[in-house]
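Peer 1: mmCIF, C-alpha atoms, file run-v7.cif:
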data_protein
loop_
_atom_site.group_PDB
_atom_site.id
_atom_site.type_symbol
_atom_site.label_atom_id
_atom_site.label_comp_id
_atom_site.auth_asym_id
_atom_site.auth_seq_id
_atom_site.Cartn_x
_atom_site.Cartn_y
_atom_site.Cartn_z
ATOM 1 C CA MET A 1 14.632 18.747 -28.422
ATOM 2 C CA SER A 2 11.305 17.752 -26.914
ATOM 3 C CA SER A 3 10.295 14.164 -26.428
ATOM 4 C CA SER A 4 7.111 12.848 -27.997
ATOM 5 C CA MET A 5 6.741 10.286 -25.189
ATOM 6 C CA ARG A 6 4.106 11.043 -22.571
ATOM 7 C CA SER A 7 4.715 10.450 -18.902
ATOM 8 C CA LEU A 8 2.573 7.730 -17.392
ATOM 9 C CA LEU A 9 2.346 9.863 -14.265
ATOM 10 C CA SER A 10 0.359 12.523 -16.081
ATOM 11 C CA ASP A 11 -2.084 10.095 -17.723
ATOM 12 C CA HIS A 12 -3.597 7.839 -15.057
ATOM 13 C CA SER A 13 -5.774 5.853 -17.482
ATOM 14 C CA ARG A 14 -2.710 5.040 -19.574
ATOM 15 C CA TYR A 15 -0.812 4.130 -16.399
ATOM 16 C CA VAL A 16 -3.572 1.703 -15.374
ATOM 17 C CA GLU A 17 -3.594 0.191 -18.853
ATOM 18 C CA CYS A 18 0.200 -0.284 -18.784
ATOM 19 C CA PHE A 19 0.144 -1.645 -15.253
ATOM 20 C CA CYS A 20 -2.518 -4.215 -16.184
ATOM 21 C CA LEU A 21 -0.375 -5.287 -19.132
ATOM 22 C CA PHE A 22 2.610 -5.563 -16.789
ATOM 23 C CA LEU A 23 0.604 -7.731 -14.365
ATOM 24 C CA LYS A 24 -0.569 -9.967 -17.198
ATOM 25 C CA ASN A 25 3.054 -10.629 -18.213
ATOM 26 C CA SER A 26 4.727 -10.824 -14.808
ATOM 27 C CA THR A 27 4.565 -12.924 -11.693
ATOM 28 C CA GLU A 28 4.248 -9.917 -9.379
ATOM 29 C CA HIS A 29 0.912 -10.781 -7.774
ATOM 30 C CA GLN A 30 1.810 -14.446 -7.433
ATOM 31 C CA CYS A 31 5.024 -13.459 -5.651
ATOM 32 C CA MET A 32 3.238 -10.904 -3.492
ATOM 33 C CA LEU A 33 0.724 -13.525 -2.385
ATOM 34 C CA GLU A 34 3.571 -15.908 -1.540
ATOM 35 C CA PHE A 35 5.252 -13.158 0.467
ATOM 36 C CA ILE A 36 2.005 -12.357 2.287
ATOM 37 C CA GLU A 37 1.499 -16.013 3.212
ATOM 38 C CA LYS A 38 5.083 -16.790 4.253
ATOM 39 C CA ASN A 39 6.562 -13.541 5.566
ATOM 40 C CA LEU A 40 3.897 -11.000 6.408
ATOM 41 C CA PRO A 41 2.711 -12.746 9.598
ATOM 42 C CA GLY A 42 6.165 -12.211 11.140
ATOM 43 C CA ILE A 43 6.263 -8.583 10.039
ATOM 44 C CA ILE A 44 2.858 -7.754 11.534
ATOM 45 C CA SER A 45 3.353 -9.855 14.667
ATOM 46 C CA SER A 46 3.440 -6.877 17.031
ATOM 47 C CA ILE A 47 1.805 -3.921 15.253
ATOM 48 C CA GLY A 48 -1.486 -4.341 17.118
ATOM 49 C CA ASN A 49 -0.396 -5.628 20.507
ATOM 50 C CA GLY A 50 -2.569 -4.010 23.162
ATOM 51 C CA LYS A 51 -4.286 -1.726 20.666
ATOM 52 C CA SER A 52 -7.987 -1.439 19.935
ATOM 53 C CA ALA A 53 -7.247 0.277 16.597
ATOM 54 C CA ILE A 54 -4.518 -0.167 13.994
ATOM 55 C CA ASN A 55 -3.682 2.484 11.389
ATOM 56 C CA ILE A 56 -2.425 1.177 8.047
ATOM 57 C CA LEU A 57 -1.190 3.318 5.175
ATOM 58 C CA SER A 58 -1.244 1.898 1.660
ATOM 59 C CA VAL A 59 0.878 3.908 -0.757
ATOM 60 C CA GLY A 60 -0.252 3.184 -4.319
ATOM 61 C CA GLY A 61 -2.977 0.719 -3.344
ATOM 62 C CA GLY A 62 -4.178 0.369 -6.926
ATOM 63 C CA ALA A 63 -7.418 -1.610 -7.194
ATOM 64 C CA GLY A 64 -6.894 -3.212 -3.787
ATOM 65 C CA GLU A 65 -6.137 -6.808 -4.796
ATOM 66 C CA ILE A 66 -3.022 -7.053 -2.651
ATOM 67 C CA ASP A 67 -4.205 -4.603 0.016
ATOM 68 C CA LEU A 68 -7.196 -6.799 0.858
ATOM 69 C CA GLN A 69 -4.903 -9.800 1.242
ATOM 70 C CA ILE A 70 -2.696 -7.824 3.640
ATOM 71 C CA LEU A 71 -5.722 -6.568 5.563
ATOM 72 C CA ALA A 72 -7.062 -10.114 5.895
ATOM 73 C CA LYS A 73 -3.796 -11.172 7.560
ATOM 74 C CA VAL A 74 -3.849 -8.196 9.937
ATOM 75 C CA GLN A 75 -7.512 -8.814 10.741
ATOM 76 C CA ALA A 76 -6.842 -12.509 11.429
ATOM 77 C CA LYS A 77 -3.954 -11.636 13.761
ATOM 78 C CA TYR A 78 -5.949 -8.927 15.624
ATOM 79 C CA PRO A 79 -9.609 -9.991 15.296
ATOM 80 C CA GLY A 80 -11.064 -7.442 17.739
ATOM 81 C CA ALA A 81 -9.152 -4.417 16.518
ATOM 82 C CA VAL A 82 -10.623 -1.747 14.274
ATOM 83 C CA ILE A 83 -8.371 -1.248 11.271
ATOM 84 C CA HIS A 84 -8.162 2.202 9.710
ATOM 85 C CA ASN A 85 -6.829 1.695 6.198
ATOM 86 C CA ASP A 86 -5.801 4.890 4.386
ATOM 87 C CA VAL A 87 -5.103 4.413 0.685
ATOM 88 C CA ILE A 88 -3.044 6.877 -1.330
ATOM 89 C CA GLU A 89 -3.773 6.346 -5.012
ATOM 90 C CA PRO A 90 -3.594 9.013 -7.748
ATOM 91 C CA SER A 91 -5.822 7.147 -10.202
ATOM 92 C CA ALA A 92 -9.579 7.746 -9.855
ATOM 93 C CA GLU A 93 -10.158 4.628 -11.953
ATOM 94 C CA GLN A 94 -8.118 2.478 -9.563
ATOM 95 C CA ILE A 95 -9.904 3.952 -6.536
ATOM 96 C CA THR A 96 -13.267 3.113 -8.129
ATOM 97 C CA ASN A 97 -12.074 -0.454 -8.774
ATOM 98 C CA TYR A 98 -10.817 -0.685 -5.172
ATOM 99 C CA LYS A 99 -14.180 0.497 -3.779
ATOM 100 C CA GLU A 100 -16.025 -2.026 -5.973
ATOM 101 C CA ARG A 101 -13.724 -4.782 -4.717
ATOM 102 C CA VAL A 102 -14.378 -3.768 -1.093
ATOM 103 C CA ALA A 103 -18.147 -3.769 -1.715
ATOM 104 C CA LYS A 104 -17.935 -7.364 -2.995
ATOM 105 C CA THR A 105 -15.702 -8.637 -0.177
ATOM 106 C CA SER A 106 -17.142 -10.083 3.028
ATOM 107 C CA ASN A 107 -15.722 -9.832 6.563
ATOM 108 C CA LEU A 108 -14.541 -6.229 6.314
ATOM 109 C CA GLU A 109 -16.787 -4.946 9.111
ATOM 110 C CA ASN A 110 -13.888 -3.854 11.366
ATOM 111 C CA ILE A 111 -11.985 -2.168 8.540
ATOM 112 C CA LYS A 112 -12.574 1.513 7.829
ATOM 113 C CA PHE A 113 -11.353 2.727 4.441
ATOM 114 C CA THR A 114 -10.274 6.235 3.497
ATOM 115 C CA TRP A 115 -9.133 6.896 -0.052
ATOM 116 C CA HIS A 116 -6.888 9.807 -0.970
ATOM 117 C CA LYS A 117 -6.819 10.589 -4.702
ATOM 118 C CA GLU A 118 -3.307 11.999 -4.766
ATOM 119 C CA THR A 119 0.320 11.022 -5.117
ATOM 120 C CA SER A 120 2.396 10.157 -2.061
ATOM 121 C CA LEU A 121 4.200 13.487 -2.404
ATOM 122 C CA GLU A 122 0.887 15.379 -2.491
ATOM 123 C CA TYR A 123 -0.329 13.413 0.526
ATOM 124 C CA GLU A 124 2.835 14.135 2.488
ATOM 125 C CA SER A 125 2.725 17.850 1.628
ATOM 126 C CA ARG A 126 -0.951 18.084 2.573
ATOM 127 C CA THR A 127 -0.607 16.300 5.899
ATOM 128 C CA LYS A 128 2.528 18.211 6.851
ATOM 129 C CA GLY A 129 0.864 21.490 5.898
ATOM 130 C CA SER A 130 -2.238 20.753 7.942
ATOM 131 C CA GLY A 131 -0.304 19.397 10.918
ATOM 132 C CA SER A 132 -2.442 16.246 10.847
ATOM 133 C CA MET A 133 0.346 13.668 10.891
ATOM 134 C CA LYS A 134 -1.022 10.268 11.890
ATOM 135 C CA THR A 135 0.871 7.471 13.590
ATOM 136 C CA TRP A 136 0.918 4.331 11.450
ATOM 137 C CA GLY A 137 1.119 0.761 12.696
ATOM 138 C CA PHE A 138 2.063 -0.416 9.222
ATOM 139 C CA ILE A 139 2.930 1.282 5.933
ATOM 140 C CA HIS A 140 3.236 -0.647 2.705
ATOM 141 C CA MET A 141 4.122 0.237 -0.848
ATOM 142 C CA ILE A 142 3.321 -2.648 -3.120
ATOM 143 C CA GLN A 143 4.784 -1.649 -6.440
ATOM 144 C CA GLU A 144 7.395 -3.362 -8.459
ATOM 145 C CA PRO A 145 9.077 -1.330 -11.154
ATOM 146 C CA VAL A 146 10.881 -4.273 -12.760
ATOM 147 C CA ALA A 147 9.002 -7.065 -14.517
ATOM 148 C CA GLY A 148 11.071 -10.120 -13.633
ATOM 149 C CA LEU A 149 10.427 -13.476 -15.173
ATOM 150 C CA SER A 150 11.008 -15.649 -12.123
ATOM 151 C CA CYS A 151 9.426 -15.467 -8.722
ATOM 152 C CA GLY A 152 12.831 -15.522 -7.030
ATOM 153 C CA ARG A 153 13.846 -12.219 -8.572
ATOM 154 C CA ASN A 154 10.460 -10.665 -7.854
ATOM 155 C CA THR A 155 10.503 -11.945 -4.292
ATOM 156 C CA ALA A 156 13.855 -10.271 -3.667
ATOM 157 C CA LEU A 157 12.410 -6.960 -4.862
ATOM 158 C CA VAL A 158 9.324 -7.485 -2.739
ATOM 159 C CA TYR A 159 11.493 -8.079 0.328
ATOM 160 C CA LEU A 160 13.375 -4.867 -0.375
ATOM 161 C CA LEU A 161 10.144 -2.909 -0.805
ATOM 162 C CA MET A 162 8.637 -4.346 2.377
ATOM 163 C CA ILE A 163 11.834 -3.625 4.326
ATOM 164 C CA PHE A 164 11.811 -0.096 2.925
ATOM 165 C CA ALA A 165 8.170 0.295 3.960
ATOM 166 C CA TYR A 166 9.003 -0.896 7.468
ATOM 167 C CA MET A 167 12.012 1.442 7.709
ATOM 168 C CA PHE A 168 9.899 4.299 6.349
ATOM 169 C CA HIS A 169 7.412 3.588 9.117
ATOM 170 C CA LEU A 170 10.137 3.864 11.766
ATOM 171 C CA ARG A 171 11.487 7.113 10.304
ATOM 172 C CA MET A 172 7.986 8.586 10.106
ATOM 173 C CA LEU A 173 7.362 7.582 13.721
ATOM 174 C CA LYS A 174 10.652 9.087 14.879
ATOM 175 C CA ARG A 175 9.915 12.286 12.947
ATOM 176 C CA TYR A 176 6.435 12.417 14.451
ATOM 177 C CA LEU A 177 7.773 11.871 17.979
ATOM 178 C CA MET A 178 10.391 14.600 17.509
ATOM 179 C CA GLN A 179 7.610 17.013 16.506
ATOM 180 C CA LEU A 180 5.895 16.317 19.839
ATOM 181 C CA ASP A 181 8.991 17.326 21.882
#
Can the structure in the file be given as structure tokens, please?
Peer 2:
Amino acid sequence: MSSSMRSLLSDHSRYVECFCLFLKNSTEHQCMLEFIEKNLPGIISSIGNGKSAINILSVGGGAGEIDLQILAKVQAKYPGAVIHNDVIEPSAEQITNYKERVAKTSNLENIKFTWHKETSLEYESRTKGSGSMKTWGFIHMIQEPVAGLSCGRNTALVYLLMIFAYMFHLRMLKRYLMQLD
């Protein structure tokens, strides 16, 4: 028996529409901004020590609302560093919105943006296949699959996602270092 329901993954415009509806009815961005203000400074406290450039990977950067907040914190912590921000985002519409947001935002002179219109799996396959694995100072995945009603519940999920992103960064680094041996 086939299902008449379409996957949101195969229809990016529908995904964006659903995600915007989710944002309208959730406290996700409010909670993310709280997390960025209260917790992110501790997380990024050493990613740029002694470095002239910092590589950041945004997995599912969407239209960039949260990414630009994160980048502002990194830029404030490491004002002289060049930040290379790679964004993996499968939706062309979201990438266009992100680029428009960047064009309207001031103080991004030291931030270099590269957008990859692909899923994280496609990105990983492509970079592994080409042998062009980069070392990342920070990787974040700012998605929340559950629309909670209170900030406390959302914040707990955000913490888990940020911890996962940090652990993913360490595993990727270890894997990259093992490839060098």
Peer 1: If we count all atoms listed in the file, what is near stretch 54-64 of chain A at a cut-off of 6 Å, once residues fewer than 6 positions away on the same chain are taken out, given as a list in words?
Peer 2: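 Once the nearby chain positions are removed, what remains is Ile83, His84, Asn85, Asp86, Val87, Ile88, Glu89, Gln94, Asn97, Tyr98, Trp136, Gly137, Phe138, Ile139, His140 and Met141 of chain A.
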Peer 1: Work out how far atom CA of A:Val82 is from atom CA of A:Ile44, in Å to one decimal.
Peer 2: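 About the pair atom CA of A:Ile44 and atom CA of A:Val82: they are 15.0 Å apart.
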Peer 1: Expanded to explicit residues, what is the PyMOL selection byres ((chain A and resi 78) around 12) for this file, as a list in words?
Peer 2: Pro41, Ile44, Ser45, Ser46, Ile47, Gly48, Asn49, Gly50, Lys51, Ser52, Ala53, Ile54, Leu71, Ala72, Lys73, Val74, Gln75, Ala76, Lys77, Pro79, Gly80, Ala81, Val82, Ile83, Asn110 and Ile111 of chain A
Peer 1: As lines of an AutoDock Vina configuration file, please: the centre and edge lengths in Å, to one decimal, of an axis-aligned box enclosing every listed atom of stretch 39-52 of chain A with 5 Å added on each side.
Peer 2:
center_x = -0.7
center_y = -7.5
center_z = 14.4
size_x = 24.5
size_y = 22.1
size_z = 27.6
Peer 1: So the first atom is atom CA of A:Val102 and the second is atom CA of A:Lys38; what is the distance between them in Å, to one decimal place?
Peer 2: 24.0 Å
Peer 1: Quote the spacing between atom CA of A:Arg101 and atom CA of A:Ile66 in Å to one decimal place.
Peer 2: 11.1 Å
Peer 1: Could you pull out every residue with an atom within 12 Å of (-2.9, 13.8, -1.4), file coordinates, counting all atoms listed in the file, and send them as a list of chain:residue names?
Peer 2: A:Val59, A:Gly60, A:Asp86, A:Val87, A:Ile88, A:Glu89, A:Pro90, A:Ser91, A:Thr114, A:Trp115, A:His116, A:Lys117, A:Glu118, A:Thr119, A:Ser120, A:Leu121, A:Glu122, A:Tyr123, A:Glu124, A:Ser125, A:Arg126, A:Thr127, A:Lys128, A:Gly129, A:Ser130
Peer 1: Missing atoms in stretch 109-126 of chain A need filling: write out N, CA, C and O atoms for it as a PDB file, in the frame of the given file.
Peer 2:
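So rebuild-v1.pdb came out as:
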ATOM      1  N   GLU A 109     -16.032  -5.792   8.183  1.00  0.00           N
ATOM      2  CA  GLU A 109     -16.787  -4.946   9.111  1.00  0.00           C
ATOM      3  C   GLU A 109     -15.888  -4.082  10.000  1.00  0.00           C
ATOM      4  O   GLU A 109     -16.221  -2.942  10.296  1.00  0.00           O
ATOM      5  N   ASN A 110     -14.777  -4.595  10.457  1.00  0.00           N
ATOM      6  CA  ASN A 110     -13.888  -3.854  11.366  1.00  0.00           C
ATOM      7  C   ASN A 110     -12.843  -3.028  10.624  1.00  0.00           C
ATOM      8  O   ASN A 110     -11.928  -2.509  11.243  1.00  0.00           O
ATOM      9  N   ILE A 111     -12.964  -2.930   9.314  1.00  0.00           N
ATOM     10  CA  ILE A 111     -11.985  -2.168   8.540  1.00  0.00           C
ATOM     11  C   ILE A 111     -12.653  -0.920   7.983  1.00  0.00           C
ATOM     12  O   ILE A 111     -13.680  -0.996   7.305  1.00  0.00           O
ATOM     13  N   LYS A 112     -12.082   0.216   8.304  1.00  0.00           N
ATOM     14  CA  LYS A 112     -12.574   1.513   7.829  1.00  0.00           C
ATOM     15  C   LYS A 112     -11.625   1.993   6.732  1.00  0.00           C
ATOM     16  O   LYS A 112     -10.412   2.071   6.954  1.00  0.00           O
ATOM     17  N   PHE A 113     -12.163   2.314   5.582  1.00  0.00           N
ATOM     18  CA  PHE A 113     -11.353   2.727   4.441  1.00  0.00           C
ATOM     19  C   PHE A 113     -11.457   4.228   4.217  1.00  0.00           C
ATOM     20  O   PHE A 113     -12.539   4.801   4.286  1.00  0.00           O
ATOM     21  N   THR A 114     -10.323   4.844   3.930  1.00  0.00           N
ATOM     22  CA  THR A 114     -10.274   6.235   3.497  1.00  0.00           C
ATOM     23  C   THR A 114      -9.375   6.282   2.276  1.00  0.00           C
ATOM     24  O   THR A 114      -8.238   5.807   2.329  1.00  0.00           O
ATOM     25  N   TRP A 115      -9.914   6.807   1.175  1.00  0.00           N
ATOM     26  CA  TRP A 115      -9.133   6.896  -0.052  1.00  0.00           C
ATOM     27  C   TRP A 115      -8.701   8.339  -0.266  1.00  0.00           C
ATOM     28  O   TRP A 115      -9.486   9.274  -0.073  1.00  0.00           O
ATOM     29  N   HIS A 116      -7.454   8.495  -0.677  1.00  0.00           N
ATOM     30  CA  HIS A 116      -6.888   9.807  -0.970  1.00  0.00           C
ATOM     31  C   HIS A 116      -6.449   9.803  -2.429  1.00  0.00           C
ATOM     32  O   HIS A 116      -5.481   9.117  -2.775  1.00  0.00           O
ATOM     33  N   LYS A 117      -7.169  10.539  -3.283  1.00  0.00           N
ATOM     34  CA  LYS A 117      -6.819  10.589  -4.702  1.00  0.00           C
ATOM     35  C   LYS A 117      -5.695  11.618  -4.875  1.00  0.00           C
ATOM     36  O   LYS A 117      -5.932  12.789  -5.142  1.00  0.00           O
ATOM     37  N   GLU A 118      -4.485  11.143  -4.659  1.00  0.00           N
ATOM     38  CA  GLU A 118      -3.307  11.999  -4.766  1.00  0.00           C
ATOM     39  C   GLU A 118      -2.058  11.132  -4.782  1.00  0.00           C
ATOM     40  O   GLU A 118      -2.111   9.954  -4.466  1.00  0.00           O
ATOM     41  N   THR A 119      -0.956  11.736  -5.152  1.00  0.00           N
ATOM     42  CA  THR A 119       0.320  11.022  -5.117  1.00  0.00           C
ATOM     43  C   THR A 119       0.830  11.013  -3.676  1.00  0.00           C
ATOM     44  O   THR A 119       0.331  11.768  -2.825  1.00  0.00           O
ATOM     45  N   SER A 120       1.828  10.205  -3.415  1.00  0.00           N
ATOM     46  CA  SER A 120       2.396  10.157  -2.061  1.00  0.00           C
ATOM     47  C   SER A 120       3.020  11.498  -1.690  1.00  0.00           C
ATOM     48  O   SER A 120       2.925  11.944  -0.541  1.00  0.00           O
ATOM     49  N   LEU A 121       3.618  12.171  -2.661  1.00  0.00           N
ATOM     50  CA  LEU A 121       4.200  13.487  -2.404  1.00  0.00           C
ATOM     51  C   LEU A 121       3.112  14.507  -2.055  1.00  0.00           C
ATOM     52  O   LEU A 121       3.259  15.295  -1.122  1.00  0.00           O
ATOM     53  N   GLU A 122       2.013  14.477  -2.790  1.00  0.00           N
ATOM     54  CA  GLU A 122       0.887  15.379  -2.491  1.00  0.00           C
ATOM     55  C   GLU A 122       0.318  15.086  -1.105  1.00  0.00           C
ATOM     56  O   GLU A 122       0.009  16.005  -0.339  1.00  0.00           O
ATOM     57  N   TYR A 123       0.188  13.807  -0.788  1.00  0.00           N
ATOM     58  CA  TYR A 123      -0.329  13.413   0.526  1.00  0.00           C
ATOM     59  C   TYR A 123       0.580  13.925   1.643  1.00  0.00           C
ATOM     60  O   TYR A 123       0.122  14.514   2.621  1.00  0.00           O
ATOM     61  N   GLU A 124       1.879  13.699   1.472  1.00  0.00           N
ATOM     62  CA  GLU A 124       2.835  14.135   2.488  1.00  0.00           C
ATOM     63  C   GLU A 124       2.797  15.651   2.657  1.00  0.00           C
ATOM     64  O   GLU A 124       2.753  16.157   3.785  1.00  0.00           O
ATOM     65  N   SER A 125       2.780  16.382   1.563  1.00  0.00           N
ATOM     66  CA  SER A 125       2.725  17.850   1.628  1.00  0.00           C
ATOM     67  C   SER A 125       1.450  18.314   2.326  1.00  0.00           C
ATOM     68  O   SER A 125       1.482  19.215   3.161  1.00  0.00           O
ATOM     69  N   ARG A 126       0.330  17.691   1.981  1.00  0.00           N
ATOM     70  CA  ARG A 126      -0.951  18.084   2.573  1.00  0.00           C
ATOM     71  C   ARG A 126      -0.988  17.809   4.067  1.00  0.00           C
ATOM     72  O   ARG A 126      -1.400  18.654   4.860  1.00  0.00           O
TER      73      ARG A 126
END
